[in-house]
>>> print(open('query.tsv').read())   # TSV, C-alpha atoms
chain	number	residue	atom	x	y	z
L	11	MET	CA	-11.38	9.28	-86.99
L	12	THR	CA	-12.18	9.31	-83.29
L	13	LEU	CA	-15.24	10.69	-81.55
L	14	THR	CA	-14.81	12.51	-78.22
L	15	ALA	CA	-17.68	13.45	-75.97
L	16	SER	CA	-17.83	17.20	-75.43
L	17	PRO	CA	-18.94	18.50	-71.98
L	18	PRO	CA	-22.37	20.10	-71.86
L	19	ARG	CA	-22.51	23.83	-72.18
L	20	ARG	CA	-23.18	25.91	-69.08
L	21	GLY	CA	-26.92	26.33	-68.62
L	22	ALA	CA	-27.80	23.55	-71.00
L	23	THR	CA	-30.24	20.96	-69.69
L	24	THR	CA	-29.91	17.28	-70.35
L	25	ALA	CA	-32.77	14.87	-70.49
L	26	PRO	CA	-32.62	12.31	-67.72
L	27	GLY	CA	-31.79	8.86	-68.94
L	28	PRO	CA	-33.88	5.82	-68.25
L	29	ARG	CA	-33.53	4.50	-64.73
L	30	PRO	CA	-32.04	1.05	-64.35
L	31	PRO	CA	-34.69	-1.58	-63.74
L	32	ARG	CA	-35.16	-2.42	-60.08
L	33	ARG	CA	-34.11	-5.88	-59.15
L	34	PRO	CA	-37.17	-7.87	-58.04
L	35	ALA	CA	-37.12	-8.91	-54.43
L	36	GLY	CA	-36.53	-12.62	-54.38
L	37	ARG	CA	-35.20	-15.26	-52.06
L	38	GLY	CA	-31.62	-14.04	-52.47
L	39	SER	CA	-32.42	-10.40	-51.60
L	40	LEU	CA	-34.42	-11.56	-48.57
L	41	LEU	CA	-31.46	-13.47	-47.21
L	42	ARG	CA	-29.12	-10.53	-47.88
L	43	GLY	CA	-31.45	-8.01	-46.21
L	44	PRO	CA	-32.16	-7.40	-42.53
L	45	ALA	CA	-34.32	-10.54	-42.27
L	46	PRO	CA	-31.49	-12.80	-41.00
L	47	LEU	CA	-31.01	-10.41	-38.06
L	48	LEU	CA	-34.53	-11.31	-36.89
L	49	ILE	CA	-33.84	-15.06	-36.75
L	50	PRO	CA	-32.38	-15.18	-33.17
L	51	ALA	CA	-35.19	-13.05	-31.73
L	52	GLY	CA	-37.75	-15.07	-33.70
L	53	LEU	CA	-36.40	-18.35	-32.33
L	54	ILE	CA	-36.54	-17.01	-28.75
L	55	VAL	CA	-40.11	-15.77	-29.20
L	56	ALA	CA	-41.15	-19.08	-30.77
L	57	ALA	CA	-39.62	-21.03	-27.88
L	58	LEU	CA	-41.05	-18.87	-25.09
L	59	THR	CA	-44.49	-18.23	-26.61
L	60	GLY	CA	-45.08	-20.79	-29.31
L	61	TRP	CA	-44.37	-23.94	-27.26
L	62	PRO	CA	-46.70	-23.09	-24.32
L	63	LEU	CA	-49.37	-22.03	-26.79
L	64	LEU	CA	-49.00	-25.35	-28.62
L	65	GLN	CA	-49.32	-27.26	-25.33
L	66	LEU	CA	-52.42	-25.21	-24.49
L	67	VAL	CA	-54.04	-26.05	-27.82
L	68	ILE	CA	-53.25	-29.75	-27.37
L	69	MET	CA	-54.70	-29.74	-23.85
L	70	SER	CA	-57.90	-28.11	-25.10
L	71	PHE	CA	-58.55	-31.23	-27.21
L	72	GLN	CA	-57.92	-33.63	-24.32
L	73	GLU	CA	-59.80	-34.87	-21.28
L	74	PHE	CA	-57.47	-33.42	-18.68
L	75	GLY	CA	-58.90	-33.55	-15.14
L	76	ARG	CA	-57.64	-34.42	-11.68
L	77	ALA	CA	-56.73	-37.98	-12.72
L	78	GLN	CA	-54.47	-36.70	-15.48
L	79	ILE	CA	-52.86	-34.24	-13.04
L	80	PHE	CA	-51.81	-37.22	-10.88
L	81	GLY	CA	-50.35	-39.18	-13.76
L	82	ALA	CA	-53.19	-40.74	-15.78
L	83	GLU	CA	-52.81	-40.66	-19.53
L	84	PRO	CA	-54.95	-37.91	-21.13
L	85	GLU	CA	-57.36	-38.94	-23.87
L	86	PHE	CA	-58.15	-36.92	-26.99
L	87	VAL	CA	-61.81	-35.96	-27.04
L	88	ALA	CA	-61.79	-33.87	-30.24
L	89	LEU	CA	-64.10	-30.83	-29.83
L	90	ASP	CA	-65.95	-32.01	-26.71
L	91	ASN	CA	-64.32	-29.39	-24.47
L	92	TYR	CA	-65.23	-26.58	-26.90
L	93	ALA	CA	-68.77	-27.89	-27.23
L	94	ARG	CA	-69.24	-27.97	-23.43
L	95	VAL	CA	-67.80	-24.47	-23.01
L	96	LEU	CA	-69.82	-22.91	-25.83
L	97	ALA	CA	-73.03	-24.57	-24.57
L	98	ASP	CA	-72.50	-23.25	-21.03
L	99	PRO	CA	-74.52	-20.05	-20.34
L	100	VAL	CA	-72.10	-19.19	-17.50
L	101	PHE	CA	-69.28	-18.81	-20.04
L	102	TRP	CA	-71.30	-16.43	-22.20
L	103	GLY	CA	-72.25	-14.39	-19.13
L	104	VAL	CA	-68.61	-14.11	-18.07
L	105	LEU	CA	-67.51	-13.24	-21.62
L	106	THR	CA	-70.18	-10.53	-21.94
L	107	ARG	CA	-69.21	-9.14	-18.52
L	108	SER	CA	-65.53	-9.11	-19.51
L	109	ILE	CA	-66.21	-7.26	-22.78
L	110	ALA	CA	-68.34	-4.64	-21.01
L	111	PHE	CA	-65.75	-4.22	-18.23
L	112	ALA	CA	-62.90	-3.92	-20.75
L	113	GLY	CA	-64.86	-1.42	-22.85
L	114	VAL	CA	-65.49	0.92	-19.91
L	115	ASN	CA	-61.89	0.70	-18.71
L	116	VAL	CA	-60.39	1.20	-22.16
L	117	ALA	CA	-62.56	4.27	-22.79
L	118	LEU	CA	-61.70	5.83	-19.43
L	119	THR	CA	-58.00	5.01	-19.76
L	120	MET	CA	-57.71	6.48	-23.24
L	121	VAL	CA	-59.64	9.66	-22.44
L	122	LEU	CA	-57.73	10.31	-19.23
L	123	GLY	CA	-54.37	9.27	-20.69
L	124	VAL	CA	-54.63	11.47	-23.79
L	125	GLY	CA	-56.06	14.33	-21.69
L	126	ILE	CA	-53.18	14.19	-19.20
L	127	ALA	CA	-50.67	14.01	-22.05
L	128	VAL	CA	-52.13	17.14	-23.67
L	129	MET	CA	-52.16	18.86	-20.27
L	130	MET	CA	-48.47	18.01	-19.74
L	131	THR	CA	-47.57	19.82	-22.98
L	132	LYS	CA	-49.08	23.02	-21.51
L	133	LEU	CA	-47.44	22.78	-18.07
L	134	GLY	CA	-44.15	24.24	-16.95
L	135	ARG	CA	-41.08	22.17	-16.25
L	136	VAL	CA	-41.71	21.81	-12.50
L	137	MET	CA	-45.33	20.74	-12.86
L	138	THR	CA	-44.44	18.38	-15.72
L	139	VAL	CA	-41.89	16.64	-13.50
L	140	ALA	CA	-44.41	16.47	-10.62
L	141	VAL	CA	-47.11	14.93	-12.84
L	142	SER	CA	-44.58	12.49	-14.33
L	143	LEU	CA	-43.47	11.33	-10.88
L	144	SER	CA	-47.09	10.85	-9.81
L	145	LEU	CA	-47.75	8.73	-12.89
L	146	LEU	CA	-44.59	6.71	-12.33
L	147	LEU	CA	-45.56	5.96	-8.72
L	148	ALA	CA	-48.96	4.69	-9.85
L	149	TRP	CA	-47.39	2.63	-12.62
L	150	ALA	CA	-44.59	1.16	-10.50
L	151	MET	CA	-46.86	-0.15	-7.75
L	152	PRO	CA	-47.44	-3.94	-7.99
L	153	PRO	CA	-51.06	-4.82	-8.87
L	154	ILE	CA	-51.61	-6.85	-5.68
L	155	SER	CA	-50.35	-4.00	-3.47
L	156	ALA	CA	-52.43	-1.41	-5.32
L	157	THR	CA	-55.57	-3.55	-5.14
L	158	THR	CA	-55.07	-4.24	-1.44
L	159	ILE	CA	-54.68	-0.52	-0.68
L	160	TRP	CA	-57.77	0.37	-2.70
L	161	GLY	CA	-59.59	-2.42	-0.89
L	162	TRP	CA	-58.71	-0.76	2.42
L	163	ILE	CA	-59.96	2.59	1.10
L	164	PHE	CA	-63.35	1.03	0.28
L	165	GLU	CA	-63.49	-1.18	3.40
L	166	ALA	CA	-66.99	-1.28	4.96
L	167	ARG	CA	-66.37	-0.07	8.53
L	168	SER	CA	-63.05	1.79	8.61
L	169	GLY	CA	-62.50	2.65	4.95
L	170	LEU	CA	-61.64	6.20	3.90
L	171	ALA	CA	-64.34	6.33	1.21
L	172	ASN	CA	-67.19	5.55	3.61
L	173	TYR	CA	-65.79	8.01	6.17
L	174	VAL	CA	-65.57	10.89	3.68
L	175	LEU	CA	-69.04	10.20	2.25
L	176	SER	CA	-70.49	10.03	5.77
L	177	LEU	CA	-69.31	13.60	6.35
L	178	ILE	CA	-72.06	14.74	3.95
L	179	PRO	CA	-75.13	15.74	5.99
L	180	GLY	CA	-77.82	13.05	5.85
L	181	VAL	CA	-75.49	10.37	4.46
L	182	ASP	CA	-74.43	7.38	6.56
L	183	MET	CA	-72.14	5.03	4.64
L	184	ILE	CA	-70.43	3.40	7.63
L	185	GLY	CA	-70.82	-0.35	7.25
L	186	HIS	CA	-71.68	-0.19	3.53
L	187	SER	CA	-69.91	-2.97	1.61
L	188	TRP	CA	-68.74	-1.82	-1.81
L	189	LEU	CA	-67.56	-5.28	-2.84
L	190	TYR	CA	-70.73	-7.25	-2.05
L	191	GLU	CA	-72.85	-5.82	-4.87
L	192	PRO	CA	-71.52	-6.65	-8.39
L	193	LEU	CA	-72.10	-3.13	-9.74
L	194	SER	CA	-70.17	-1.38	-6.94
L	195	PHE	CA	-67.56	-4.18	-7.06
L	196	PHE	CA	-66.81	-3.36	-10.70
L	197	PHE	CA	-66.90	0.35	-9.86
L	198	VAL	CA	-63.99	-0.21	-7.46
L	199	ALA	CA	-62.26	-2.52	-9.96
L	200	THR	CA	-62.63	0.10	-12.70
L	201	ILE	CA	-60.94	2.71	-10.50
L	202	ILE	CA	-58.00	0.37	-9.86
L	203	VAL	CA	-57.55	-0.85	-13.44
L	204	THR	CA	-57.89	2.65	-14.89
L	205	TRP	CA	-55.58	4.11	-12.25
L	206	MET	CA	-52.89	1.60	-13.23
L	207	GLY	CA	-53.44	1.93	-17.00
L	208	VAL	CA	-53.49	5.70	-17.38
L	209	PRO	CA	-49.70	6.22	-16.85
L	210	PHE	CA	-48.75	4.10	-19.89
L	211	ALA	CA	-51.30	5.83	-22.11
L	212	ALA	CA	-50.25	9.28	-20.86
L	213	PHE	CA	-46.50	8.74	-21.24
L	214	THR	CA	-46.79	7.16	-24.70
L	215	THR	CA	-49.12	9.87	-25.99
L	216	TYR	CA	-46.95	12.60	-24.45
L	217	ALA	CA	-43.91	11.22	-26.30
L	218	ALA	CA	-45.89	11.28	-29.55
L	219	LEU	CA	-47.09	14.85	-28.92
L	220	SER	CA	-43.50	16.02	-28.53
L	221	GLN	CA	-42.89	15.01	-32.16
L	222	VAL	CA	-45.62	17.27	-33.60
L	223	PRO	CA	-43.93	20.19	-35.48
L	224	GLU	CA	-44.49	23.50	-33.75
L	225	GLU	CA	-44.45	25.30	-37.11
L	226	VAL	CA	-47.55	23.46	-38.26
L	227	LEU	CA	-49.42	24.32	-35.06
L	228	GLU	CA	-48.38	27.97	-35.31
L	229	ALA	CA	-49.53	28.11	-38.93
L	230	ALA	CA	-52.90	26.64	-37.97
L	231	ALA	CA	-53.24	29.20	-35.15
L	232	LEU	CA	-52.44	32.04	-37.56
L	233	ASP	CA	-55.15	30.72	-39.88
L	234	GLY	CA	-57.67	31.12	-37.05
L	235	ALA	CA	-58.08	27.48	-35.98
L	236	SER	CA	-59.42	27.04	-32.45
L	237	PRO	CA	-57.51	24.83	-29.94
L	238	TRP	CA	-59.98	21.97	-30.52
L	239	GLN	CA	-59.67	22.32	-34.31
L	240	ARG	CA	-55.85	22.35	-34.04
L	241	PHE	CA	-55.95	19.15	-31.97
L	242	ARG	CA	-58.51	17.39	-34.17
L	243	LEU	CA	-57.19	18.41	-37.60
L	244	VAL	CA	-53.45	18.87	-36.98
L	245	THR	CA	-52.25	17.18	-33.81
L	246	PHE	CA	-54.31	13.97	-33.83
L	247	PRO	CA	-53.33	12.89	-37.38
L	248	PHE	CA	-49.68	13.01	-36.25
L	249	ILE	CA	-50.28	10.84	-33.17
L	250	ARG	CA	-53.02	8.60	-34.58
L	251	GLY	CA	-50.69	5.62	-35.07
L	252	VAL	CA	-49.40	5.78	-31.50
L	253	VAL	CA	-52.89	6.18	-30.08
L	254	LEU	CA	-54.02	3.13	-32.08
L	255	VAL	CA	-51.18	1.04	-30.62
L	256	VAL	CA	-52.06	2.12	-27.07
L	257	LEU	CA	-55.74	1.43	-27.73
L	258	VAL	CA	-55.12	-2.13	-28.94
L	259	LEU	CA	-52.77	-2.87	-26.03
L	260	GLN	CA	-55.30	-1.56	-23.53
L	261	ILE	CA	-58.03	-3.74	-25.01
L	262	ILE	CA	-55.81	-6.81	-24.71
L	263	TRP	CA	-54.71	-6.00	-21.15
L	264	ASP	CA	-58.22	-5.21	-19.91
L	265	MET	CA	-59.72	-8.31	-21.53
L	266	ARG	CA	-57.30	-10.60	-19.68
L	267	VAL	CA	-57.22	-8.72	-16.37
L	268	PHE	CA	-56.81	-11.14	-13.47
L	269	THR	CA	-54.89	-9.86	-10.45
L	270	GLN	CA	-57.14	-6.92	-9.55
L	271	ILE	CA	-60.37	-8.91	-9.84
L	272	TYR	CA	-59.02	-11.96	-7.99
L	273	THR	CA	-57.60	-9.87	-5.14
L	274	LEU	CA	-60.87	-7.96	-4.71
L	275	GLN	CA	-62.75	-11.28	-4.67
L	276	THR	CA	-60.53	-12.50	-1.83
L	277	ILE	CA	-61.34	-9.31	0.11
L	278	GLY	CA	-65.09	-9.61	-0.19
L	279	GLY	CA	-66.51	-10.02	-3.70
L	280	LEU	CA	-68.83	-12.82	-4.81
L	281	ARG	CA	-66.93	-14.94	-7.35
L	282	SER	CA	-70.01	-16.24	-9.15
L	283	GLU	CA	-71.21	-12.71	-9.97
L	284	THR	CA	-67.87	-10.93	-10.45
L	285	ASN	CA	-65.82	-13.37	-12.52
L	286	VAL	CA	-64.20	-12.15	-15.72
L	287	VAL	CA	-62.54	-14.42	-18.28
L	288	GLY	CA	-59.18	-14.50	-16.49
L	289	THR	CA	-60.57	-15.46	-13.08
L	290	TYR	CA	-63.11	-17.82	-14.68
L	291	ILE	CA	-60.32	-19.79	-16.38
L	292	TYR	CA	-58.50	-20.01	-13.05
L	293	GLU	CA	-61.66	-21.19	-11.29
L	294	VAL	CA	-62.44	-23.85	-13.90
L	295	ALA	CA	-58.84	-25.12	-13.87
L	296	THR	CA	-58.30	-25.18	-10.07
L	297	ALA	CA	-61.61	-25.43	-8.22
L	298	GLY	CA	-63.30	-27.39	-11.02
L	299	GLY	CA	-60.17	-29.41	-11.84
L	300	ASP	CA	-61.11	-29.35	-15.54
L	301	GLN	CA	-57.88	-28.38	-17.30
L	302	GLY	CA	-59.26	-29.36	-20.69
L	303	ALA	CA	-62.22	-26.94	-20.48
L	304	ALA	CA	-59.91	-24.24	-19.09
L	305	GLY	CA	-57.61	-24.79	-22.06
L	306	ALA	CA	-60.55	-24.46	-24.47
L	307	ILE	CA	-61.61	-21.15	-22.85
L	308	SER	CA	-58.01	-19.93	-23.04
L	309	VAL	CA	-57.79	-20.78	-26.74
L	310	ILE	CA	-61.06	-18.90	-27.37
L	311	LEU	CA	-59.62	-15.88	-25.54
L	312	VAL	CA	-56.41	-16.10	-27.57
L	313	ALA	CA	-58.49	-16.20	-30.76
L	314	ILE	CA	-60.31	-13.01	-29.70
L	315	MET	CA	-56.96	-11.35	-28.99
L	316	LEU	CA	-55.65	-12.43	-32.40
L	317	VAL	CA	-58.67	-10.86	-34.11
L	318	ILE	CA	-58.03	-7.58	-32.28
L	319	SER	CA	-54.30	-7.71	-33.10
L	320	GLY	CA	-55.06	-8.56	-36.72
L	321	TYR	CA	-57.25	-5.48	-37.00
L	322	TYR	CA	-54.37	-3.39	-35.65
L	323	VAL	CA	-51.89	-4.89	-38.15
L	324	LEU	CA	-54.26	-4.31	-41.09
L	325	ALA	CA	-54.90	-0.73	-39.98
L	326	THR	CA	-51.15	-0.09	-39.67
L	327	VAL	CA	-50.39	-1.55	-43.11
L	328	LYS	CA	-53.22	0.45	-44.67
L	329	GLU	CA	-51.93	3.66	-43.06
L	330	GLU	CA	-48.40	3.03	-44.36
L	331	GLU	CA	-49.73	2.46	-47.89
L	332	LEU	CA	-51.48	5.84	-47.73
>>> encode(input="query.tsv", output="structure tokens")
Amino acid sequence: MTLTASPPRRGATTAPGPRPPRRPAGRGSLLRGPAPLLIPAGLIVAALTGWPLLQLVIMSFQEFGRAQIFGAEPEFVALDNYARVLADPVFWGVLTRSIAFAGVNVALTMVLGVGIAVMMTKLGRVMTVAVSLSLLLAWAMPPISATTIWGWIFEARSGLANYVLSLIPGVDMIGHSWLYEPLSFFFVATIIVTWMGVPFAAFTTYAALSQVPEEVLEAAALDGASPWQRFRLVTFPFIRGVVLVVLVLQIIWDMRVFTQIYTLQTIGGLRSETNVVGTYIYEVATAGGDQGAAGAISVILVAIMLVISGYYVLATVKEEEL
């Protein structure tokens, strides 16, 4: 007697069978997955980034001054460089100034960048191309060239800014130095840094806005949501991940800004009152000749950047789990 399986009748439902157990991810599955494809890029990143960072950390634990630059053997001094840096009130003043400067610039860059991106979604094709070209021109200009041009605009005697302001009745700005006072110095620096940072934020956010489904926005409009409610409750959740990436990158870039501040200082700013962390490290390493202390400050700055990046990674992982 033989048993033959009969086909199920039309319309009959069959209970789904138990799923096969998933194979746990182990060492073998890791090697068979996409991980090996990351090995060449990982080795290149480790060589280009890891080795200089290792040398920087080693230097921060050494007495490395002018004698060592000319061939003397450096000596390990343990945490002496860190102790000197952390006990120096000048360092804390520069760090506080850098955090405040970065905070203002990041806020302005993000507000203007997201605002321009939203505006570009409402413009026609011709105006969108015109705005895109304007942003590209600002982004493509080298930082030294841009800072020099802005320095000419705010020049004391023949600058455009003083000339335009002097056209106001009762105002005489000819001869006013914008770079001599620290507050107006950072006002000019904020214009330059924000002007050069807005294009990246605008383009990245605009690319993210183009991925928001039109059907969802139309449904929200039919439900009576205002434009602000549609942006806050519908659009922003779609682009939140991209905005977070841009925000973290802007914080890192503005915390280690160097070229704009250094170029403005060469035009007319007072170094002692306008230094940020980047220019302070350069001053300690070159004018002071203390490479060990400069290395310690650099390691502290890297640690701050790692904390910010770690927050971004944790926020991204948490968002993916949701």
>>> closest_residue(input="query.tsv", among="L:Asp264, L:Glu83, L:Glu228, L:Glu73", to="Val114 of chain L", atoms="all atoms listed in the file")
L:Asp264
>>> closest_atom_pairs(input="query.tsv", of="segment 167-211 of chain L", to="segment 281-302 of chain L", cutoff="9 Å", atoms="all atoms listed in the file", output="Markdown table")
| residue | atom | partner | partner_atom | distance |
| --- | --- | --- | --- | --- |
| L:Glu191 | CA | L:Glu283 | CA | 8.7 |
| L:Pro192 | CA | L:Thr284 | CA | 6.0 |
| L:Leu193 | CA | L:Thr284 | CA | 8.9 |
| L:Phe195 | CA | L:Thr284 | CA | 7.6 |
| L:Phe196 | CA | L:Thr284 | CA | 7.6 |
>>> atom_distance(input="query.tsv", atom1="atom CA of Asp98 of chain L", atom2="atom CA of Ala304 of chain L")
12.8 Å
>>> atom_distance(input="query.tsv", atom1="atom CA of Thr204 of chain L", atom2="atom CA of Met129 of chain L")
18.0 Å
>>> closest_residue(input="query.tsv", among="L:Met137, L:Met183, L:Ala303, L:Val116", to="Ser168 of chain L", atoms="all atoms listed in the file")
L:Met183
>>> atom_distance(input="query.tsv", atom1="atom CA of Ile154 of chain L", atom2="atom CA of Thr276 of chain L")
11.2 Å
>>> closest_residue(input="query.tsv", among="L:Gly161, L:Pro62, L:Gly123, L:Gly251", to="Phe213 of chain L", atoms="all atoms listed in the file")
L:Gly123
>>> residues_around(input="query.tsv", residues="Thr214 of chain L", least_positions_apart="2", cutoff="12 Å", atoms="only C-alpha atoms", output="PyMOL selection string")
chain L and resi 120+123-124+126-128+142+145+207-212+216-221+249-257+259
>>> closest_residue(input="query.tsv", among="L:Ala156, L:Leu175, L:Leu232, L:Ile163", to="Ile202 of chain L", atoms="only C-alpha atoms")
L:Ala156
>>> residues_around(input="query.tsv", residues="segment 64-71 of chain L", least_positions_apart="4", cutoff="12 Å", atoms="all atoms listed in the file", output="PyMOL selection string")
chain L and resi 56-60+75+78-79+83-95+295+300-313
>>> write_last_selection(input="query.tsv", atoms="C-alpha atoms", output="CSV table (one decimal), in the frame of the given file")
chain,number,residue,atom,x,y,z
L,56,ALA,CA,-41.2,-19.1,-30.8
L,57,ALA,CA,-39.6,-21.0,-27.9
L,58,LEU,CA,-41.0,-18.9,-25.1
L,59,THR,CA,-44.5,-18.2,-26.6
L,60,GLY,CA,-45.1,-20.8,-29.3
L,75,GLY,CA,-58.9,-33.6,-15.1
L,78,GLN,CA,-54.5,-36.7,-15.5
L,79,ILE,CA,-52.9,-34.2,-13.0
L,83,GLU,CA,-52.8,-40.7,-19.5
L,84,PRO,CA,-55.0,-37.9,-21.1
L,85,GLU,CA,-57.4,-38.9,-23.9
L,86,PHE,CA,-58.2,-36.9,-27.0
L,87,VAL,CA,-61.8,-36.0,-27.0
L,88,ALA,CA,-61.8,-33.9,-30.2
L,89,LEU,CA,-64.1,-30.8,-29.8
L,90,ASP,CA,-66.0,-32.0,-26.7
L,91,ASN,CA,-64.3,-29.4,-24.5
L,92,TYR,CA,-65.2,-26.6,-26.9
L,93,ALA,CA,-68.8,-27.9,-27.2
L,94,ARG,CA,-69.2,-28.0,-23.4
L,95,VAL,CA,-67.8,-24.5,-23.0
L,295,ALA,CA,-58.8,-25.1,-13.9
L,300,ASP,CA,-61.1,-29.4,-15.5
L,301,GLN,CA,-57.9,-28.4,-17.3
L,302,GLY,CA,-59.3,-29.4,-20.7
L,303,ALA,CA,-62.2,-26.9,-20.5
L,304,ALA,CA,-59.9,-24.2,-19.1
L,305,GLY,CA,-57.6,-24.8,-22.1
L,306,ALA,CA,-60.6,-24.5,-24.5
L,307,ILE,CA,-61.6,-21.2,-22.8
L,308,SER,CA,-58.0,-19.9,-23.0
L,309,VAL,CA,-57.8,-20.8,-26.7
L,310,ILE,CA,-61.1,-18.9,-27.4
L,311,LEU,CA,-59.6,-15.9,-25.5
L,312,VAL,CA,-56.4,-16.1,-27.6
L,313,ALA,CA,-58.5,-16.2,-30.8
>>> closest_residue(input="query.tsv", among="L:Trp263, L:Trp162, L:Tyr190, L:Phe268", to="Ile318 of chain L", atoms="all atoms listed in the file")
L:Trp263
>>> axis_aligned_box(input="query.tsv", around="segment 299-307 of chain L", padding_each_side="5 Å", output="lines of an AutoDock Vina configuration file")
center_x = -59.9
center_y = -25.3
center_z = -18.2
size_x = 14.6
size_y = 18.3
size_z = 22.6
>>> residues_around(input="query.tsv", residues="Gly113 of chain L", least_positions_apart="5", cutoff="12 Å", atoms="all atoms listed in the file", output="mmCIF file with C-alpha atoms, in the frame of the given file")
data_model
loop_
_atom_site.group_PDB
_atom_site.id
_atom_site.type_symbol
_atom_site.label_atom_id
_atom_site.label_comp_id
_atom_site.auth_asym_id
_atom_site.auth_seq_id
_atom_site.Cartn_x
_atom_site.Cartn_y
_atom_site.Cartn_z
ATOM 1 C CA THR L 106 -70.180 -10.530 -21.940
ATOM 2 C CA ARG L 107 -69.210 -9.140 -18.520
ATOM 3 C CA SER L 108 -65.530 -9.110 -19.510
ATOM 4 C CA LEU L 118 -61.700 5.830 -19.430
ATOM 5 C CA THR L 119 -58.000 5.010 -19.760
ATOM 6 C CA MET L 120 -57.710 6.480 -23.240
ATOM 7 C CA THR L 200 -62.630 0.100 -12.700
ATOM 8 C CA VAL L 203 -57.550 -0.850 -13.440
ATOM 9 C CA THR L 204 -57.890 2.650 -14.890
ATOM 10 C CA LEU L 257 -55.740 1.430 -27.730
ATOM 11 C CA VAL L 258 -55.120 -2.130 -28.940
ATOM 12 C CA GLN L 260 -55.300 -1.560 -23.530
ATOM 13 C CA ILE L 261 -58.030 -3.740 -25.010
ATOM 14 C CA ILE L 262 -55.810 -6.810 -24.710
ATOM 15 C CA TRP L 263 -54.710 -6.000 -21.150
ATOM 16 C CA ASP L 264 -58.220 -5.210 -19.910
ATOM 17 C CA MET L 265 -59.720 -8.310 -21.530
#
>>> residues_around(input="query.tsv", residues="Ala166 of chain L", least_positions_apart="3", cutoff="6 Å", atoms="only C-alpha atoms", output="MDAnalysis selection string")
chainID L and resid 169 185:187
>>> residues_around(input="query.tsv", residues="segment 222-227 of chain L", least_positions_apart="6", cutoff="12 Å", atoms="only C-alpha atoms", output="ChimeraX atom specification")
/L:128,131,215-216,233-250
